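Asker: Compact mmCIF, C-alpha atoms, saved as work.txt, coming up:
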# COMPACT_ATOMS: atom_id res chain seq x y z
CA MET A 1 52.57 -56.56 95.82
CA THR A 2 52.56 -59.33 93.29
CA GLY A 3 55.69 -60.93 91.90
CA GLU A 4 55.00 -59.32 88.54
CA PHE A 5 55.06 -55.88 90.15
CA VAL A 6 58.35 -56.56 91.95
CA ALA A 7 59.95 -57.83 88.73
CA PHE A 8 58.63 -54.84 86.79
CA PHE A 9 59.94 -52.43 89.43
CA ILE A 10 63.45 -53.90 89.46
CA LEU A 11 63.67 -54.15 85.67
CA SER A 12 62.40 -50.63 85.03
CA LEU A 13 64.76 -49.26 87.70
CA LEU A 14 67.70 -50.95 85.95
CA THR A 15 66.48 -49.70 82.56
CA ILE A 16 66.15 -46.07 83.60
CA GLY A 17 69.28 -46.22 85.77
CA GLY A 18 71.38 -47.46 82.86
CA ALA A 19 70.03 -44.72 80.61
CA VAL A 20 70.66 -41.97 83.17
CA PHE A 21 74.18 -43.24 83.85
CA MET A 22 74.73 -43.26 80.08
CA ILE A 23 73.97 -39.55 80.03
CA SER A 24 76.08 -38.68 83.06
CA PHE A 25 79.26 -40.68 82.31
CA THR A 26 82.03 -38.92 80.44
CA ARG A 27 84.07 -41.84 79.09
CA VAL A 28 82.49 -43.27 75.95
CA VAL A 29 83.31 -46.91 76.76
CA HIS A 30 81.52 -46.63 80.13
CA MET A 31 78.50 -45.21 78.31
CA VAL A 32 78.30 -48.27 76.05
CA ILE A 33 78.56 -50.67 79.00
CA SER A 34 75.79 -48.93 80.94
CA LEU A 35 73.60 -48.91 77.84
CA GLY A 36 74.20 -52.68 77.61
CA ILE A 37 72.58 -53.00 81.06
CA THR A 38 69.62 -51.00 79.76
CA PHE A 39 69.22 -53.25 76.72
CA ILE A 40 69.28 -56.45 78.81
CA SER A 41 66.71 -55.01 81.24
CA ILE A 42 64.45 -54.08 78.33
CA ALA A 43 64.67 -57.71 77.20
CA GLY A 44 63.50 -58.66 80.71
CA LEU A 45 60.55 -56.27 80.36
CA PHE A 46 59.63 -57.93 77.05
CA VAL A 47 59.64 -61.35 78.69
CA LEU A 48 57.49 -59.93 81.48
CA VAL A 49 54.86 -58.75 78.98
CA GLY A 50 54.83 -62.21 77.43
CA ALA A 51 56.86 -61.56 74.29
CA GLU A 52 59.58 -64.16 74.79
CA PHE A 53 60.68 -64.25 71.16
CA VAL A 54 61.12 -60.48 71.00
CA GLY A 55 63.04 -60.59 74.28
CA VAL A 56 65.50 -63.14 72.93
CA ALA A 57 65.85 -61.12 69.72
CA GLN A 58 66.52 -58.04 71.84
CA VAL A 59 69.35 -59.81 73.68
CA LEU A 60 70.82 -61.08 70.41
CA VAL A 61 70.53 -57.89 68.36
CA TYR A 62 70.92 -55.07 70.89
CA SER A 63 73.02 -56.29 73.80
CA GLY A 64 74.94 -58.63 71.52
CA ALA A 65 75.45 -57.10 68.12
CA ILE A 66 74.86 -53.37 68.54
CA SER A 67 76.88 -52.97 71.77
CA ILE A 68 79.84 -54.83 70.28
CA LEU A 69 79.53 -52.84 67.05
CA MET A 70 79.59 -49.61 69.05
CA LEU A 71 82.68 -50.78 70.94
CA PHE A 72 84.30 -51.53 67.57
CA GLY A 73 83.40 -48.05 66.40
CA ILE A 74 85.01 -46.52 69.49
CA MET A 75 88.14 -48.65 69.26
CA LEU A 76 88.59 -47.88 65.56
CA THR A 77 88.27 -44.13 66.08
CA LYS A 78 89.36 -42.48 69.34
CA HIS A 79 89.75 -45.37 71.75
CA ASP A 80 90.04 -43.25 74.90
CA ALA A 81 87.44 -40.71 73.92
CA TYR A 82 85.81 -38.39 76.42
CA ASP A 83 82.52 -36.66 75.90
CA GLU A 84 82.06 -33.49 77.88
CA GLY A 85 79.03 -32.46 75.86
CA THR A 86 78.79 -29.27 73.90
CA GLY A 87 80.28 -26.57 76.07
CA ARG A 88 77.58 -24.00 75.43
CA LYS A 89 75.55 -23.45 78.59
CA TRP A 90 72.57 -21.59 77.14
CA LYS A 91 72.08 -24.20 74.44
CA ASN A 92 72.06 -27.07 76.96
CA ARG A 93 69.57 -25.25 79.15
CA PHE A 94 67.29 -24.61 76.18
CA ILE A 95 67.46 -28.30 75.19
CA LEU A 96 66.73 -29.36 78.78
CA LEU A 97 63.70 -27.06 78.82
CA PHE A 98 62.50 -28.45 75.48
CA VAL A 99 62.87 -32.07 76.64
CA ALA A 100 61.08 -31.27 79.90
CA LEU A 101 58.26 -29.72 77.89
CA VAL A 102 57.97 -32.83 75.70
CA PHE A 103 58.00 -35.00 78.83
CA ALA A 104 55.27 -32.96 80.53
CA LEU A 105 53.07 -32.98 77.43
CA LEU A 106 53.34 -36.75 76.92
CA PHE A 107 52.94 -37.42 80.66
CA TRP A 108 49.75 -35.38 80.70
CA GLY A 109 48.52 -37.25 77.64
CA ILE A 110 49.23 -40.67 79.14
CA GLN A 111 47.62 -39.83 82.47
CA ASN A 112 44.47 -38.35 80.93
CA THR A 113 43.69 -41.09 78.44
CA ALA A 114 41.15 -43.73 79.35
CA TRP A 115 43.11 -46.90 78.64
CA PRO A 116 41.11 -50.09 78.16
CA ALA A 117 41.01 -52.28 81.21
CA SER A 118 43.60 -55.00 80.84
CA PRO A 119 41.83 -58.08 79.48
CA PRO A 120 42.23 -61.47 81.08
CA PRO A 121 45.28 -63.17 79.59
CA ALA A 122 44.05 -65.20 76.68
CA ALA A 123 45.60 -68.62 77.08
CA SER A 124 46.59 -69.36 73.51
CA GLY A 125 47.38 -72.94 72.72
CA VAL A 126 50.54 -72.24 70.74
CA SER A 127 53.82 -70.80 71.97
CA ASN A 128 54.82 -67.20 71.38
CA ALA A 129 57.43 -68.03 68.72
CA LYS A 130 55.02 -70.26 66.81
CA GLU A 131 52.33 -67.59 66.94
CA ILE A 132 54.74 -64.97 65.53
CA GLY A 133 55.87 -67.36 62.82
CA LEU A 134 52.32 -68.13 61.77
CA VAL A 135 51.38 -64.45 61.46
CA VAL A 136 54.64 -63.40 59.75
CA PHE A 137 54.34 -66.03 57.06
CA THR A 138 50.64 -65.46 56.42
CA GLU A 139 49.99 -61.72 56.79
CA TYR A 140 53.41 -60.06 56.67
CA VAL A 141 55.21 -62.00 53.94
CA ILE A 142 56.00 -59.01 51.71
CA PRO A 143 57.32 -56.75 54.51
CA PHE A 144 59.43 -59.69 55.70
CA GLU A 145 61.02 -60.09 52.25
CA LEU A 146 61.51 -56.32 51.95
CA VAL A 147 63.33 -56.30 55.29
CA SER A 148 65.69 -58.98 54.03
CA VAL A 149 66.41 -56.84 50.94
CA LEU A 150 67.03 -53.87 53.26
CA LEU A 151 69.56 -55.88 55.25
CA LEU A 152 71.37 -56.87 52.06
CA VAL A 153 71.48 -53.25 50.88
CA ALA A 154 72.79 -52.12 54.29
CA LEU A 155 75.50 -54.81 54.17
CA ILE A 156 76.73 -53.75 50.74
CA GLY A 157 76.39 -50.07 51.59
CA ALA A 158 78.42 -50.43 54.79
CA ILE A 159 81.20 -52.23 52.92
CA ILE A 160 81.31 -49.55 50.23
CA MET A 161 81.23 -46.68 52.74
CA ALA A 162 83.97 -48.09 54.96
CA LYS A 163 86.21 -49.16 52.04
CA LYS A 164 89.36 -47.13 51.53
CA GLU A 165 88.90 -44.50 48.87
CA GLY A 166 91.13 -44.81 45.84
CA ASP A 167 91.51 -48.56 45.38
CA ASN A 168 89.09 -49.11 42.50
CA GLU A 169 90.03 -52.52 41.24
CA MET B 1 49.57 -53.09 93.01
CA THR B 2 49.36 -54.49 89.55
CA VAL B 3 51.27 -53.50 86.44
CA SER B 4 49.08 -51.61 84.00
CA ILE B 5 49.79 -50.24 80.57
CA THR B 6 50.47 -46.81 82.07
CA SER B 7 53.57 -48.13 83.86
CA TYR B 8 55.08 -49.42 80.64
CA LEU B 9 54.23 -46.21 78.80
CA LEU B 10 55.90 -44.12 81.52
CA VAL B 11 59.09 -46.19 81.43
CA ALA B 12 59.17 -45.80 77.66
CA LEU B 13 58.52 -42.05 77.99
CA ILE B 14 61.44 -41.58 80.40
CA LEU B 15 63.74 -43.59 78.14
CA PHE B 16 62.66 -41.54 75.12
CA CYS B 17 63.28 -38.23 76.88
CA VAL B 18 66.72 -39.33 78.12
CA GLY B 19 67.61 -40.45 74.61
CA LEU B 20 66.37 -37.19 73.11
CA TYR B 21 68.44 -35.15 75.55
CA GLY B 22 71.54 -37.24 74.84
CA ALA B 23 71.11 -37.02 71.07
CA LEU B 24 70.83 -33.24 71.22
CA THR B 25 73.62 -32.42 73.69
CA LYS B 26 76.43 -34.96 73.23
CA ARG B 27 79.40 -34.22 70.99
CA ASN B 28 80.75 -37.68 70.18
CA ALA B 29 78.98 -39.17 67.17
CA VAL B 30 79.06 -42.69 68.66
CA VAL B 31 77.16 -41.42 71.71
CA VAL B 32 74.61 -39.70 69.49
CA LEU B 33 74.02 -43.01 67.69
CA LEU B 34 73.61 -44.75 71.07
CA SER B 35 71.02 -42.19 72.15
CA ILE B 36 69.06 -42.77 68.96
CA GLU B 37 69.09 -46.50 69.75
CA LEU B 38 67.67 -45.67 73.18
CA MET B 39 64.78 -43.76 71.59
CA LEU B 40 64.07 -46.66 69.21
CA ASN B 41 64.02 -49.02 72.18
CA ALA B 42 61.46 -46.85 73.94
CA VAL B 43 59.20 -47.16 70.90
CA ASN B 44 59.69 -50.94 70.94
CA ILE B 45 58.55 -51.09 74.58
CA ASN B 46 55.39 -49.20 73.62
CA LEU B 47 54.65 -51.58 70.74
CA VAL B 48 55.11 -54.69 72.87
CA ALA B 49 53.04 -53.24 75.72
CA PHE B 50 50.17 -52.45 73.35
CA SER B 51 50.38 -55.95 71.88
CA LYS B 52 49.29 -57.27 75.27
CA TYR B 53 47.36 -54.45 77.01
CA GLY B 54 45.88 -52.65 74.01
CA LEU B 55 42.23 -52.52 73.06
CA TYR B 56 42.69 -55.39 70.60
CA PRO B 57 45.60 -57.50 71.87
CA SER B 58 47.32 -59.23 69.01
CA VAL B 59 50.77 -60.42 68.07
CA SER B 60 51.20 -57.77 65.36
CA GLY B 61 52.86 -55.36 67.81
CA GLN B 62 55.63 -57.85 68.45
CA ILE B 63 56.13 -58.32 64.71
CA PHE B 64 56.45 -54.55 64.23
CA THR B 65 59.05 -54.60 67.01
CA LEU B 66 61.04 -57.23 65.15
CA PHE B 67 60.92 -55.13 61.97
CA SER B 68 62.03 -51.98 63.75
CA MET B 69 64.89 -53.90 65.38
CA THR B 70 66.05 -54.97 61.92
CA VAL B 71 65.94 -51.41 60.63
CA ALA B 72 67.82 -50.20 63.73
CA ALA B 73 70.56 -52.78 63.18
CA ALA B 74 70.96 -51.70 59.54
CA GLU B 75 71.04 -48.06 60.64
CA VAL B 76 73.80 -48.67 63.19
CA ALA B 77 75.92 -50.60 60.70
CA LEU B 78 75.67 -47.84 58.08
CA GLY B 79 76.15 -45.08 60.65
CA LEU B 80 79.36 -46.61 61.96
CA ALA B 81 80.64 -47.15 58.40
CA ILE B 82 80.06 -43.47 57.63
CA LEU B 83 81.70 -42.54 60.95
CA ILE B 84 84.83 -44.59 60.22
CA ALA B 85 85.11 -43.13 56.71
CA PHE B 86 84.75 -39.63 58.20
CA TYR B 87 87.35 -40.33 60.89
CA ARG B 88 89.81 -41.53 58.26
CA ASN B 89 89.48 -38.27 56.34
CA LYS B 90 89.13 -35.71 59.12
CA ALA B 91 90.55 -37.44 62.25
CA THR B 92 87.64 -36.34 64.42
CA VAL B 93 84.33 -37.83 65.59
CA ASN B 94 82.77 -34.70 67.07
CA VAL B 95 79.46 -33.73 65.54
CA ASP B 96 80.07 -29.99 65.88
CA GLU B 97 83.10 -30.28 63.58
CA MET B 98 81.08 -32.01 60.85
CA ASP B 99 80.27 -28.82 58.96
CA GLU B 100 81.88 -29.49 55.59
CA MET B 101 78.66 -28.90 53.65
CA LYS B 102 77.82 -25.71 55.56
CA ARG B 103 80.92 -23.76 54.57
Take the structure in the file and write it out as C-alpha cells.

Answerer:
Amino acid sequence: MTGEFVAFFILSLLTIGGAVFMISFTRVVHMVISLGITFISIAGLFVLVGAEFVGVAQVLVYSGAISILMLFGIMLTKHDAYDEGTGRKWKNRFILLFVALVFALLFWGIQNTAWPASPPPAASGVSNAKEIGLVVFTEYVIPFELVSVLLLVALIGAIIMAKKEGDNE
Amino acid sequence: MTVSITSYLLVALILFCVGLYGALTKRNAVVVLLSIELMLNAVNINLVAFSKYGLYPSVSGQIFTLFSMTVAAAEVALGLAILIAFYRNKATVNVDEMDEMKR
C-alpha cells in the first residue's frame, strides 16, 4: 500500500464514477458537471504518471474550455434538456452486448500481453515542461505549425457555420 | 501493491467503453459530443501511460497527447457551431431527427 497506489485508486474511482454518472443522469447539465469531475481526475492521473505539463493542459483545455463550451451549447439550444436515450429496447440491448464484447476482447488482450517491467524512474535533470519544449521545437516543429493552422481553420469555420444565414455583407 | 501499466490501461478501457456506449445510445447531440470527448480522453491516458511505462519511455507520448487535445478542442468548437446552426433551422438537437439527407 504505497501512497502512489492510494492516489491512483482514489483518482481512478473518481474518473470512472464521473463517467458512469454521466451515462446514468437524465438532465444534460448534470451530465456536463459530472464529466467535469472526470476531466479533473484524469488531470490528476497525468500528474501521477509524471506528466505535469499535460495535466495542466488537461485542466485548462478540458475542464476549463470544453466544459464551459458544452454548457454554452446547452444554454443556447434547449436549456432544460432531458435525455432519456433512444427508446428502442432491442437496439440498446444490442449496443450493450457489442460494448461488452469490445470490453472483453480488449481486457483479454491487456491481461495476456507481456508488458515490459516498469523501468526505474530515470531522474532527468530538466523539468517536464522544459523537456517537452525541447522535443517539440527540435523534432516536432512541422506538426506543431500544422496544428496551429488547424486551430485557425477551426476558428474561421466555427464562425462561418454559426453565422446567421442570409446576411452576406 | 504498486501501480503498473495494466492499471492505467484498464482505467482507460473502462472509460472508452462507457464513452462508446454513451455515443451510441444517447439522443441529445451535446451528450454524444461529450461521450466522444470521453473516448478521446481514454486514448490520452494510454499515451501518457506508455510514455512512462512503455518499452522505450520517452516524452513523445505526452507530445502526442497535447496534439490530440488540440484536435479535440477544434472538433468540439466546430461540432457546437454545426449544432447551433442546426438548432436554428430545425429547433431540435436530437440525433434521431437529423435525417434530412436520408429522405

Asker: When the cut-off is 7 Å and we count all atoms listed in the file, which residues of chain A are near chain B, given as number ranges by chain?

Answerer: A: 1-2, 5, 12, 16, 19-20, 23, 46, 49, 54, 66, 70, 73, 77, 83, 85-86, 92, 95-96, 99, 103, 110, 116, 118, 132, 151, 154, 157-158, 161-162

Asker: Please provide as a list in words all residues within 10 Å of A:Ile10, with the sequence filter that same-chain residues fewer than 4 positions apart are discarded (counting all atoms listed in the file).

Answerer: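 Once the adjacent positions are removed, what remains is Phe5, Val6, Leu14, Thr15, Ser41, Gly44 and Leu45 of chain A.
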
Asker: Mind giving me the straight-line distance from atom CA of A:Gly18 to atom CA of A:Leu101 in Å, one decimal?

Answerer: 22.6 Å

Asker: For atom CA of A:Phe9 and atom CA of A:Ala51, determine how far apart the two atoms are, in Å to one decimal place.

Answerer: 17.9 Å

Asker: Would you mind reading off the distance between atom CA of A:Gly17 and atom CA of A:Ala104, one decimal, in Å?

Answerer: 20.0 Å

Asker: Report as a list in words all protein, DNA and RNA residues lying within 10 Å of A:Phe21, evaluated on all atoms listed in the file, omitting residues in the same chain fewer than 3 positions from it.

Answerer: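 Listed by chain and then number, they are Ile16, Gly17, Gly18, Ser24, Phe25, Thr26, His30, Met31, Ile33, Ser34, Leu35 and Thr38 of chain A.
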
Asker: Show which residues sit within 9 Å of A:Ser67, as a ChimeraX atom specification. Count only C-alpha atoms, and ignore same-chain residues fewer than 4 positions away.

Answerer: /A:32-33,35-36,61-63,71-72 /B:34
